[in-house]
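Okay, protein-v7.cif now, which holds mmCIF, C-alpha atoms:
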data_input
#
loop_
_atom_site.label_atom_id
_atom_site.label_comp_id
_atom_site.auth_asym_id
_atom_site.auth_seq_id
_atom_site.Cartn_x
_atom_site.Cartn_y
_atom_site.Cartn_z
CA MET A 1 56.32 113.58 220.74
CA THR A 2 55.64 112.80 217.10
CA ASN A 3 52.08 112.03 216.06
CA PRO A 4 52.35 110.29 212.67
CA PHE A 5 48.55 110.00 212.42
CA GLU A 6 47.76 113.71 212.30
CA LYS A 7 48.75 114.25 208.67
CA ASN A 8 45.91 112.29 207.14
CA PRO A 9 42.47 111.45 208.63
CA ALA A 10 42.56 108.19 206.66
CA TYR A 11 45.28 106.93 209.00
CA ARG A 12 42.73 106.83 211.82
CA PHE A 13 41.39 103.46 210.67
CA GLY A 14 44.11 100.95 209.88
CA PHE A 15 44.59 97.60 208.19
CA GLY A 16 46.17 94.93 210.40
CA ALA A 17 48.10 92.44 208.28
CA SER A 18 48.40 89.50 210.69
CA GLY A 19 45.84 87.54 208.67
CA LEU A 20 48.06 87.77 205.59
CA GLY A 21 50.51 85.61 207.52
CA THR A 22 47.97 82.74 207.60
CA LEU A 23 46.75 83.38 211.13
CA SER A 24 43.42 81.58 210.76
CA TRP A 25 43.63 79.85 207.38
CA ASP A 26 46.05 79.21 204.52
CA VAL A 27 45.48 82.42 202.54
CA PRO A 28 46.71 81.94 198.95
CA ASP A 29 48.88 84.63 197.35
CA ASP A 30 46.19 85.73 194.90
CA VAL A 31 43.60 86.04 197.68
CA ALA A 32 46.04 88.08 199.77
CA ASP A 33 46.54 90.42 196.81
CA SER A 34 42.78 90.75 196.33
CA ILE A 35 42.22 91.49 200.03
CA LEU A 36 44.82 94.27 199.90
CA ALA A 37 43.36 95.69 196.68
CA GLU A 38 39.90 95.71 198.27
CA ALA A 39 41.25 97.40 201.41
CA TRP A 40 42.97 100.11 199.38
CA GLY A 41 39.83 100.67 197.35
CA GLU A 42 37.75 101.06 200.51
CA GLY A 43 40.12 103.72 201.81
CA PHE A 44 42.60 102.05 204.17
CA ARG A 45 45.83 104.06 204.21
CA TYR A 46 47.50 102.88 207.41
CA TYR A 47 49.02 99.41 207.18
CA ASP A 48 50.51 97.57 210.14
CA THR A 49 52.50 94.35 209.97
CA SER A 50 55.20 92.45 211.86
CA PRO A 51 57.96 89.92 211.16
CA LEU A 52 56.05 87.57 213.48
CA TYR A 53 53.04 87.36 211.14
CA GLY A 54 53.67 84.21 209.16
CA TYR A 55 57.38 84.47 209.98
CA GLY A 56 57.86 87.19 207.38
CA LEU A 57 55.08 86.18 204.99
CA SER A 58 52.84 89.13 205.90
CA GLU A 59 55.63 91.63 205.26
CA LEU A 60 56.45 90.03 201.90
CA ARG A 61 52.84 90.17 200.73
CA LEU A 62 52.19 93.67 202.02
CA GLY A 63 55.42 95.00 200.54
CA ARG A 64 54.66 93.49 197.16
CA PHE A 65 51.31 95.28 197.10
CA LEU A 66 52.45 98.65 198.45
CA ARG A 67 55.40 98.92 196.07
CA ASN A 68 52.87 99.85 193.39
CA LYS A 69 51.32 102.65 195.48
CA PRO A 70 52.55 106.24 195.89
CA ARG A 71 54.68 106.25 199.03
CA GLU A 72 53.31 109.58 200.25
CA GLU A 73 49.76 108.19 200.35
CA TYR A 74 50.11 105.60 203.12
CA LEU A 75 51.51 105.09 206.62
CA LEU A 76 53.49 101.90 207.28
CA SER A 77 54.45 100.28 210.58
CA THR A 78 56.19 97.07 211.52
CA LYS A 79 57.72 95.65 214.68
CA VAL A 80 60.98 94.53 216.26
CA GLY A 81 61.86 91.90 218.85
CA ARG A 82 62.33 88.92 216.53
CA TYR A 83 64.49 88.13 213.56
CA PHE A 84 64.56 84.91 211.53
CA VAL A 85 67.16 82.31 210.62
CA PRO A 86 66.98 79.11 208.55
CA TYR A 87 66.36 75.84 210.33
CA ARG A 88 69.33 73.57 210.80
CA ARG A 89 69.54 70.44 208.68
CA GLY A 90 67.17 67.82 210.06
CA GLU A 91 65.39 70.27 212.35
CA THR A 92 61.58 70.13 212.22
CA PRO A 93 60.01 73.55 211.55
CA ASP A 94 57.66 74.88 214.22
CA ARG A 95 54.70 76.74 212.73
CA GLY A 96 54.12 78.64 215.97
CA GLY A 97 50.35 78.89 215.60
CA TRP A 98 50.40 79.99 211.94
CA VAL A 99 48.75 77.79 209.35
CA ARG A 100 51.53 77.98 206.76
CA PRO A 101 54.31 80.42 207.69
CA LEU A 102 57.61 80.73 205.90
CA PRO A 103 59.97 77.87 206.91
CA LEU A 104 62.13 80.04 209.17
CA ARG A 105 62.97 79.94 212.87
CA PRO A 106 62.20 83.03 214.99
CA VAL A 107 64.86 84.33 217.37
CA LEU A 108 63.71 86.55 220.25
CA ASP A 109 66.18 89.42 220.65
CA TYR A 110 65.49 92.75 222.36
CA THR A 111 69.06 94.06 222.18
CA TYR A 112 70.47 96.88 220.05
CA ASP A 113 71.86 94.45 217.48
CA GLY A 114 68.69 92.38 217.54
CA PHE A 115 66.48 95.36 216.77
CA MET A 116 68.78 96.50 213.97
CA ARG A 117 68.83 93.02 212.46
CA SER A 118 65.05 92.74 212.72
CA LEU A 119 64.54 96.05 210.92
CA GLU A 120 67.08 95.21 208.24
CA GLN A 121 65.19 92.02 207.45
CA SER A 122 61.88 93.91 207.45
CA TYR A 123 63.18 96.48 204.98
CA ASN A 124 64.26 93.64 202.69
CA ARG A 125 60.95 91.79 202.90
CA LEU A 126 58.85 94.94 202.49
CA GLY A 127 61.06 96.31 199.74
CA ALA A 128 60.38 99.69 201.31
CA GLN A 129 62.53 102.77 201.19
CA THR A 130 61.05 103.97 204.47
CA ILE A 131 59.18 102.49 207.42
CA ASP A 132 57.25 105.10 209.35
CA ILE A 133 56.76 103.46 212.76
CA ALA A 134 58.66 100.67 214.52
CA TYR A 135 56.96 99.07 217.52
CA ILE A 136 58.76 96.95 220.11
CA HIS A 137 56.63 93.83 219.88
CA ASP A 138 55.19 91.63 222.64
CA LEU A 139 57.32 92.94 225.50
CA ASP A 140 54.87 91.60 228.08
CA ARG A 141 54.48 88.72 230.51
CA ARG A 142 51.88 86.95 228.43
CA ASN A 143 54.21 86.44 225.50
CA LEU A 144 57.64 86.24 227.13
CA LYS A 145 56.67 84.36 230.28
CA ALA A 146 59.83 83.41 232.20
CA GLY A 147 61.96 85.49 229.85
CA PHE A 148 60.06 88.72 230.52
CA ASP A 149 62.46 90.27 233.04
CA ARG A 150 65.53 89.57 230.87
CA HIS A 151 64.04 90.93 227.66
CA TYR A 152 62.55 93.91 229.49
CA ARG A 153 66.00 94.83 230.80
CA GLU A 154 67.56 94.26 227.36
CA THR A 155 65.09 96.71 225.87
CA LEU A 156 65.76 99.43 228.42
CA ASP A 157 69.54 98.95 228.44
CA SER A 158 70.14 98.29 224.76
CA GLY A 159 67.32 97.81 222.26
CA TYR A 160 65.56 101.13 222.82
CA ARG A 161 68.77 102.97 221.96
CA ALA A 162 68.72 101.51 218.43
CA LEU A 163 65.22 102.83 217.70
CA ASP A 164 65.98 106.20 219.30
CA GLU A 165 69.04 106.60 217.06
CA LEU A 166 66.99 105.78 213.96
CA ARG A 167 64.35 108.29 215.01
CA ARG A 168 66.94 110.98 215.61
CA SER A 169 68.49 110.34 212.20
CA GLY A 170 65.08 110.55 210.50
CA ASP A 171 65.11 106.93 209.37
CA LEU A 172 62.02 106.33 211.50
CA LYS A 173 59.27 108.89 212.00
CA ALA A 174 58.08 107.39 215.26
CA ILE A 175 58.85 104.59 217.70
CA GLY A 176 56.65 102.77 220.16
CA ILE A 177 55.58 99.49 221.70
CA GLY A 178 52.98 96.93 220.65
CA ILE A 179 51.78 95.23 223.80
CA ASN A 180 48.95 93.25 225.42
CA GLU A 181 49.21 94.46 229.02
CA ALA A 182 48.16 97.95 230.10
CA ASP A 183 50.26 98.01 233.27
CA VAL A 184 53.45 97.16 231.38
CA ALA A 185 52.55 99.77 228.78
CA ALA A 186 52.19 102.40 231.51
CA ASP A 187 55.54 101.41 233.00
CA LEU A 188 57.33 101.69 229.65
CA VAL A 189 55.70 105.02 228.84
CA SER A 190 56.99 106.35 232.15
CA LYS A 191 60.55 105.13 231.45
CA LEU A 192 61.04 105.70 227.70
CA ASP A 193 60.52 108.53 225.24
CA LEU A 194 57.88 106.89 223.07
CA ASP A 195 55.71 108.43 220.36
CA VAL A 196 52.99 105.80 220.19
CA VAL A 197 51.70 102.66 221.92
CA MET A 198 49.76 99.92 220.17
CA LEU A 199 47.58 98.42 222.91
CA ALA A 200 45.92 95.08 222.13
CA GLY A 201 42.63 94.10 223.72
CA ARG A 202 42.86 96.24 226.84
CA TYR A 203 40.69 99.13 225.73
CA THR A 204 37.62 97.73 224.04
CA LEU A 205 33.85 97.79 224.30
CA LEU A 206 34.16 94.62 226.39
CA GLU A 207 36.81 95.74 228.88
CA GLN A 208 38.72 98.91 229.72
CA PRO A 209 41.65 98.18 232.07
CA GLY A 210 43.70 100.70 230.11
CA LEU A 211 41.68 103.46 231.78
CA ALA A 212 43.24 102.83 235.19
CA ASP A 213 46.78 104.12 234.65
CA PHE A 214 47.93 103.77 231.08
CA LEU A 215 45.56 106.00 229.10
CA PRO A 216 45.70 108.95 231.54
CA LEU A 217 49.52 108.74 231.51
CA ALA A 218 49.65 108.50 227.71
CA GLU A 219 47.38 111.53 227.38
CA LYS A 220 49.46 113.50 229.89
CA LYS A 221 52.73 112.71 228.11
CA GLY A 222 51.35 113.21 224.61
CA VAL A 223 51.89 109.59 223.60
CA GLY A 224 49.49 108.49 220.88
CA VAL A 225 47.62 105.22 221.29
CA VAL A 226 46.60 102.78 218.58
CA ALA A 227 43.84 100.46 219.78
CA VAL A 228 44.00 96.95 218.34
CA GLY A 229 42.31 93.68 219.22
CA ILE A 230 39.16 95.77 219.53
CA PHE A 231 36.93 92.73 218.92
CA ASN A 232 38.76 90.73 221.62
CA SER A 233 39.58 87.97 219.11
CA GLY A 234 36.06 87.85 217.69
CA ILE A 235 33.68 87.74 220.63
CA LEU A 236 32.51 91.28 219.78
CA VAL A 237 31.84 90.47 216.12
CA LYS A 238 28.92 88.09 216.42
CA PRO A 239 26.54 87.12 219.22
CA PRO A 240 28.88 85.23 221.53
CA GLU A 241 28.58 81.54 222.13
CA ALA A 242 29.83 79.45 225.02
CA GLY A 243 33.57 79.04 224.62
CA GLY A 244 33.70 81.67 221.85
CA ASN A 245 36.96 83.26 220.87
CA TYR A 246 38.38 85.65 223.44
CA ASP A 247 42.01 86.82 223.49
CA TYR A 248 43.18 83.93 221.28
CA GLY A 249 41.40 81.25 223.30
CA ALA A 250 38.12 80.05 224.72
CA ALA A 251 36.11 82.69 226.58
CA PRO A 252 35.26 82.05 230.24
CA PRO A 253 31.54 82.00 231.07
CA GLU A 254 31.50 85.46 232.68
CA VAL A 255 33.05 87.01 229.56
CA VAL A 256 30.53 85.26 227.32
CA GLU A 257 27.69 86.55 229.50
CA LYS A 258 28.94 90.13 229.43
CA ALA A 259 29.37 90.02 225.66
CA ARG A 260 25.84 88.64 225.29
CA ARG A 261 24.47 91.52 227.34
CA ILE A 262 26.37 94.06 225.24
CA ALA A 263 25.04 92.41 222.08
CA ALA A 264 21.49 92.62 223.42
CA VAL A 265 21.77 96.34 224.24
CA CYS A 266 23.22 97.03 220.79
CA ALA A 267 20.43 95.06 219.12
CA GLU A 268 17.76 97.00 221.02
CA ALA A 269 19.36 100.24 219.83
CA GLY A 270 19.47 99.01 216.22
CA VAL A 271 23.29 99.04 216.22
CA GLN A 272 25.60 96.28 215.05
CA MET A 273 27.84 95.34 217.97
CA PRO A 274 31.06 95.42 215.89
CA ALA A 275 30.25 98.96 214.75
CA ALA A 276 29.99 100.05 218.39
CA ALA A 277 33.28 98.24 219.07
CA VAL A 278 35.02 100.19 216.30
CA HIS A 279 33.71 103.56 217.42
CA PHE A 280 34.16 103.22 221.17
CA PRO A 281 37.97 103.44 221.56
CA LEU A 282 38.28 106.33 219.11
CA ALA A 283 36.40 108.59 221.53
CA HIS A 284 39.31 108.64 223.98
CA PRO A 285 41.53 111.68 223.34
CA ALA A 286 44.71 109.61 223.62
CA VAL A 287 43.57 107.12 220.95
CA LYS A 288 44.75 108.28 217.52
CA ALA A 289 43.84 105.21 215.48
CA VAL A 290 42.13 101.83 215.50
CA VAL A 291 43.55 98.89 213.55
CA VAL A 292 41.48 95.87 212.52
CA GLY A 293 42.70 92.60 211.07
CA MET A 294 41.17 90.82 208.11
CA SER A 295 41.99 87.77 206.05
CA ARG A 296 38.98 87.23 203.77
CA LEU A 297 37.48 89.01 200.81
CA GLY A 298 34.62 91.26 201.79
CA ALA A 299 36.05 91.96 205.25
CA ALA A 300 37.52 95.32 204.25
CA LYS A 301 34.15 96.62 203.10
CA GLN A 302 32.44 95.21 206.18
CA ASN A 303 34.93 96.87 208.51
CA PHE A 304 34.64 100.19 206.73
CA ASP A 305 30.84 99.97 206.90
CA TRP A 306 31.16 99.57 210.67
CA TYR A 307 33.56 102.52 210.77
CA ARG A 308 31.16 104.72 208.78
CA ALA A 309 28.11 103.70 210.82
CA SER A 310 26.22 106.26 212.88
CA ILE A 311 25.92 105.31 216.56
CA PRO A 312 23.11 106.93 218.60
CA PRO A 313 24.42 108.53 221.82
CA ALA A 314 21.70 106.74 223.77
CA LEU A 315 23.54 103.46 223.24
CA TRP A 316 26.47 104.56 225.40
CA ASP A 317 24.13 105.82 228.12
CA ARG A 318 22.33 102.47 228.19
CA LEU A 319 25.60 100.51 228.37
CA ARG A 320 26.70 102.63 231.32
CA ALA A 321 23.34 102.26 233.05
CA GLU A 322 23.59 98.47 232.69
CA GLY A 323 27.08 98.49 234.23
CA LEU A 324 28.58 97.26 230.96
CA LEU A 325 30.84 100.26 230.36
CA SER A 326 33.22 102.09 232.70
CA ALA A 327 31.59 105.24 234.05
CA ASN A 328 34.64 107.37 233.19
CA ALA A 329 35.13 106.04 229.66
CA PRO A 330 34.80 108.79 227.03
CA THR A 331 32.20 108.00 224.35
CA PRO A 332 31.53 109.47 220.91
#
Starting from the file, lay out its structure as structure tokens.
Amino acid sequence: MTNPFEKNPAYRFGFGASGLGTLSWDVPDDVADSILAEAWGEGFRYYDTSPLYGYGLSELRLGRFLRNKPREEYLLSTKVGRYFVPYRRGETPDRGGWVRPLPLRPVLDYTYDGFMRSLEQSYNRLGAQTIDIAYIHDLDRRNLKAGFDRHYRETLDSGYRALDELRRSGDLKAIGIGINEADVAADLVSKLDLDVVMLAGRYTLLEQPGLADFLPLAEKKGVGVVAVGIFNSGILVKPPEAGGNYDYGAAPPEVVEKARRIAAVCAEAGVQMPAAAVHFPLAHPAVKAVVVGMSRLGAAKQNFDWYRASIPPALWDRLRAEGLLSANAPTP
């Protein structure tokens, strides 16, 4: 297995570029440039994007910024599973949850040709000579719904072969999956020769279902894990409120209550809850990096402050004693 994160400790804390695709607000071009400049200045050197983010807008903005940086100083990943085509005449564009994406129509395609087409478009948007990591994106039930079985089979029978060929030729340093479901991640790790898995929301301070099967299997097989969605869509950033953001929607009451209890324990220990959320997943030996998203000025410094924070060991003991943390979860 290839571990692309081992060459530089700065890759351990990454910049997630979904916000540059206007995920939560209509980020202007100049603000996007300033956010990236701030992130670089703070020390971010791993940058993750996807064609999905703003239907190519995130890749365009990130590529424009990184073209002025020495290529050997940063790690770059993007994703496959979708490519984009123009809308037909008279067809109404669907923004797909983005505030102002590019006016293109996404096409789900997990075949060999689909992955190659997706990467070709990504290279063009990024203006990059090399992309380090390609993740198979959203190959889970949550995102594909009724199409899950078909796209899953396409990946195993066809799409994976495209990435494996590019890895063998040296055009990609590593290949992996970016996924929301720990059980599907475990299944794919058992079936495919993957270097890395980007797991969203399933190994966080709030919940650790990834501990059941996926993380032990990844550690056994030497597959690196990148933990993302570590704030569970925001509920671990500020004291949670009823209906607060959780996994891209409203949080159920039991999740709000658990988050409130975690926040209270952190406050008693003099620790900011988001700082604990950043540090927690990095303690697992399989987790090689954490990626956080940001779309506003000042967020890069705030995230790095959380990353640099010192967390007293007693905090983890108290969270375990309160039943708020899995007993077998490694802690810093």
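Closest approach to Leu325 of chain A among A:Val290, A:Leu166, A:Leu102, A:Leu206 is made by A:Leu206 (distances from all atoms listed in the file).
The nearest approach to Gly234 of chain A among the residues A:Asp94, A:Leu215, A:Ser169, A:Ser24, with only C-alpha atoms taken into account, belongs to A:Ser24.
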Can you list, as a PyMOL selection string, every protein, DNA or RNA residue that comes within 8 Å of Thr2 of chain A when you count all atoms listed in the file, leaving out same-chain residues fewer than 6 positions away?
chain A and resi 173-174+195
Could you check which residues have any atom within 12 Å of (73.1, 93.1, 217.5), counting all atoms listed in the file with coordinates taken straight from the file, and then list them as a PyMOL selection string?
chain A and resi 81-83+108-120+154+158-159+161-162
Same residues, C-alpha atoms, output as a JSON list (two decimals), in the coordinates of the input:
[["chain", "number", "residue", "atom", "x", "y", "z"],
["A", 81, "GLY", "CA", 61.86, 91.90, 218.85],
["A", 82, "ARG", "CA", 62.33, 88.92, 216.53],
["A", 83, "TYR", "CA", 64.49, 88.13, 213.56],
["A", 108, "LEU", "CA", 63.71, 86.55, 220.25],
["A", 109, "ASP", "CA", 66.18, 89.42, 220.65],
["A", 110, "TYR", "CA", 65.49, 92.75, 222.36],
["A", 111, "THR", "CA", 69.06, 94.06, 222.18],
["A", 112, "TYR", "CA", 70.47, 96.88, 220.05],
["A", 113, "ASP", "CA", 71.86, 94.45, 217.48],
["A", 114, "GLY", "CA", 68.69, 92.38, 217.54],
["A", 115, "PHE", "CA", 66.48, 95.36, 216.77],
["A", 116, "MET", "CA", 68.78, 96.50, 213.97],
["A", 117, "ARG", "CA", 68.83, 93.02, 212.46],
["A", 118, "SER", "CA", 65.05, 92.74, 212.72],
["A", 119, "LEU", "CA", 64.54, 96.05, 210.92],
["A", 120, "GLU", "CA", 67.08, 95.21, 208.24],
["A", 154, "GLU", "CA", 67.56, 94.26, 227.36],
["A", 158, "SER", "CA", 70.14, 98.29, 224.76],
["A", 159, "GLY", "CA", 67.32, 97.81, 222.26],
["A", 161, "ARG", "CA", 68.77, 102.97, 221.96],
["A", 162, "ALA", "CA", 68.72, 101.51, 218.43]]
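Picked out by the PyMOL selection byres ((chain A and resi 242) around 8) when it runs on this file: Pro240, Glu241, Gly243, Gly244, Ala251, Pro252, Pro253 and Val256 of chain A.
If you look at atom CA of Asn124 of chain A and atom CA of Val197 of chain A, they are 24.7 Å away from each other.
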For Lys221 of chain A, list every protein, DNA or RNA residue within 12 Å, evaluated using all atoms listed in the file, and leave out those in the same chain fewer than 4 positions away; present the list as a ChimeraX atom specification.
/A:1-2,186,189-197,214-217,225,286
When the PyMOL selection byres ((chain A and resi 226) around 12) is applied to the structure above, which residues does it catch, written out as JSON, numbers by chain?
{"A": [3, 4, 5, 11, 12, 13, 14, 15, 16, 46, 48, 77, 133, 135, 176, 177, 178, 179, 180, 195, 196, 197, 198, 199, 200, 201, 202, 203, 204, 215, 218, 223, 224, 225, 227, 228, 229, 230, 281, 282, 284, 285, 286, 287, 288, 289, 290, 291, 292]}
One residue among A:Leu297, A:Val265, A:Leu172, A:Ala10 is nearest to Pro28 of chain A when using all atoms listed in the file, and that residue is A:Leu297
Give the answer as one residue: which of A:Glu207, A:Asp247, A:Glu42, A:Glu268 has the shortest atom-to-atom distance to Phe280 of chain A, using only C-alpha atoms?
A:Glu207
How big is the axis-aligned box around the listed atoms of segment 8-18 of chain A once 4 Å is added on each side, and where is its centre? Give both in Å to one decimal, as AutoDock Vina command-line options.
--center_x 44.9 --center_y 100.9 --center_z 209.2 --size_x 15.0 --size_y 30.8 --size_z 13.2
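Distance check against Lys69 of chain A using all atoms listed in the file: of A:Trp40, A:Gly90, A:Thr22, A:Phe84, the minimum falls on A:Trp40.
When atom CA of Ala314 of chain A is paired with atom CA of Thr331 of chain A, their separation reads 10.6 Å.
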Separating atom CA of Lys7 of chain A from atom CA of Leu66 of chain A, to the nearest tenth of an Å, is a gap of 19.0 Å
Would you translate the PyMOL selection byres ((chain A and resi 150) around 12) into the concrete set of residues it matches in this file, as an NGL selection string?
:A and (108-111 or 139-141 or 144-149 or 151-158)
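If you count only C-alpha atoms and draw a sphere of 9 Å around (39.4, 87.8, 216.0), the protein and nucleic acid residues inside it come out as Gly229, Ile230, Phe231, Asn232, Ser233, Gly234, Ile235, Leu236, Val237, Asn245, Tyr246, Asp247, Tyr248, Gly293 and Met294 of chain A.
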Output segment 5-26 of chain A with N, CA, C and O atoms present, as a short mmCIF file (atom, residue, chain, number, x, y, z; two decimals), in the frame of the given file.
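New file selection_25.cif:
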data_model
loop_
_atom_site.label_atom_id
_atom_site.label_comp_id
_atom_site.auth_asym_id
_atom_site.auth_seq_id
_atom_site.Cartn_x
_atom_site.Cartn_y
_atom_site.Cartn_z
N PHE A 5 49.92 110.18 212.91
CA PHE A 5 48.55 110.00 212.42
C PHE A 5 47.86 111.31 212.07
O PHE A 5 46.79 111.31 211.46
N GLU A 6 48.45 112.43 212.45
CA GLU A 6 47.76 113.71 212.30
C GLU A 6 47.75 114.23 210.88
O GLU A 6 46.94 115.09 210.53
N LYS A 7 48.63 113.70 210.02
CA LYS A 7 48.75 114.25 208.67
C LYS A 7 47.61 113.86 207.75
O LYS A 7 47.33 114.55 206.77
N ASN A 8 46.94 112.77 208.05
CA ASN A 8 45.91 112.29 207.14
C ASN A 8 44.81 111.61 207.96
O ASN A 8 45.07 110.63 208.66
N PRO A 9 43.57 112.08 207.89
CA PRO A 9 42.47 111.45 208.63
C PRO A 9 42.28 109.99 208.27
O PRO A 9 41.75 109.21 209.08
N ALA A 10 42.71 109.59 207.08
CA ALA A 10 42.56 108.19 206.66
C ALA A 10 43.42 107.25 207.49
O ALA A 10 43.17 106.04 207.52
N TYR A 11 44.44 107.78 208.16
CA TYR A 11 45.28 106.93 209.00
C TYR A 11 44.58 106.51 210.28
O TYR A 11 45.07 105.66 211.01
N ARG A 12 43.43 107.10 210.55
CA ARG A 12 42.73 106.83 211.82
C ARG A 12 42.13 105.43 211.88
O ARG A 12 41.85 104.92 212.97
N PHE A 13 41.95 104.82 210.73
CA PHE A 13 41.39 103.46 210.67
C PHE A 13 42.35 102.61 209.85
O PHE A 13 42.51 102.82 208.65
N GLY A 14 43.02 101.65 210.52
CA GLY A 14 44.11 100.95 209.88
C GLY A 14 43.85 99.49 209.57
O GLY A 14 42.99 98.84 210.17
N PHE A 15 44.64 98.99 208.64
CA PHE A 15 44.59 97.60 208.19
C PHE A 15 45.67 96.80 208.93
O PHE A 15 46.86 97.08 208.80
N GLY A 16 45.24 95.81 209.71
CA GLY A 16 46.17 94.93 210.40
C GLY A 16 46.45 93.70 209.56
O GLY A 16 45.53 92.97 209.19
N ALA A 17 47.74 93.45 209.27
CA ALA A 17 48.10 92.44 208.28
C ALA A 17 48.48 91.09 208.88
O ALA A 17 49.12 90.28 208.20
N SER A 18 48.07 90.81 210.12
CA SER A 18 48.40 89.50 210.69
C SER A 18 47.76 88.36 209.90
O SER A 18 48.36 87.30 209.71
N GLY A 19 46.53 88.57 209.42
CA GLY A 19 45.84 87.54 208.67
C GLY A 19 46.55 87.14 207.39
O GLY A 19 46.44 86.00 206.93
N LEU A 20 47.31 88.08 206.81
CA LEU A 20 48.06 87.77 205.59
C LEU A 20 49.18 86.77 205.87
O LEU A 20 49.72 86.18 204.94
N GLY A 21 49.50 86.59 207.14
CA GLY A 21 50.51 85.61 207.52
C GLY A 21 49.94 84.24 207.81
O GLY A 21 50.61 83.40 208.40
N THR A 22 48.71 84.00 207.40
CA THR A 22 47.97 82.74 207.60
C THR A 22 47.68 82.49 209.07
O THR A 22 47.92 81.41 209.60
N LEU A 23 47.10 83.50 209.71
CA LEU A 23 46.75 83.38 211.13
C LEU A 23 45.62 82.38 211.35
O LEU A 23 45.68 81.56 212.26
N SER A 24 44.58 82.45 210.53
CA SER A 24 43.42 81.58 210.76
C SER A 24 43.18 80.57 209.64
O SER A 24 42.48 79.59 209.85
N TRP A 25 43.76 80.82 208.47
CA TRP A 25 43.63 79.85 207.38
C TRP A 25 44.74 80.10 206.37
O TRP A 25 45.42 81.14 206.39
N ASP A 26 44.94 79.15 205.48
CA ASP A 26 46.05 79.21 204.52
C ASP A 26 45.67 80.13 203.36
O ASP A 26 45.20 79.67 202.31
#
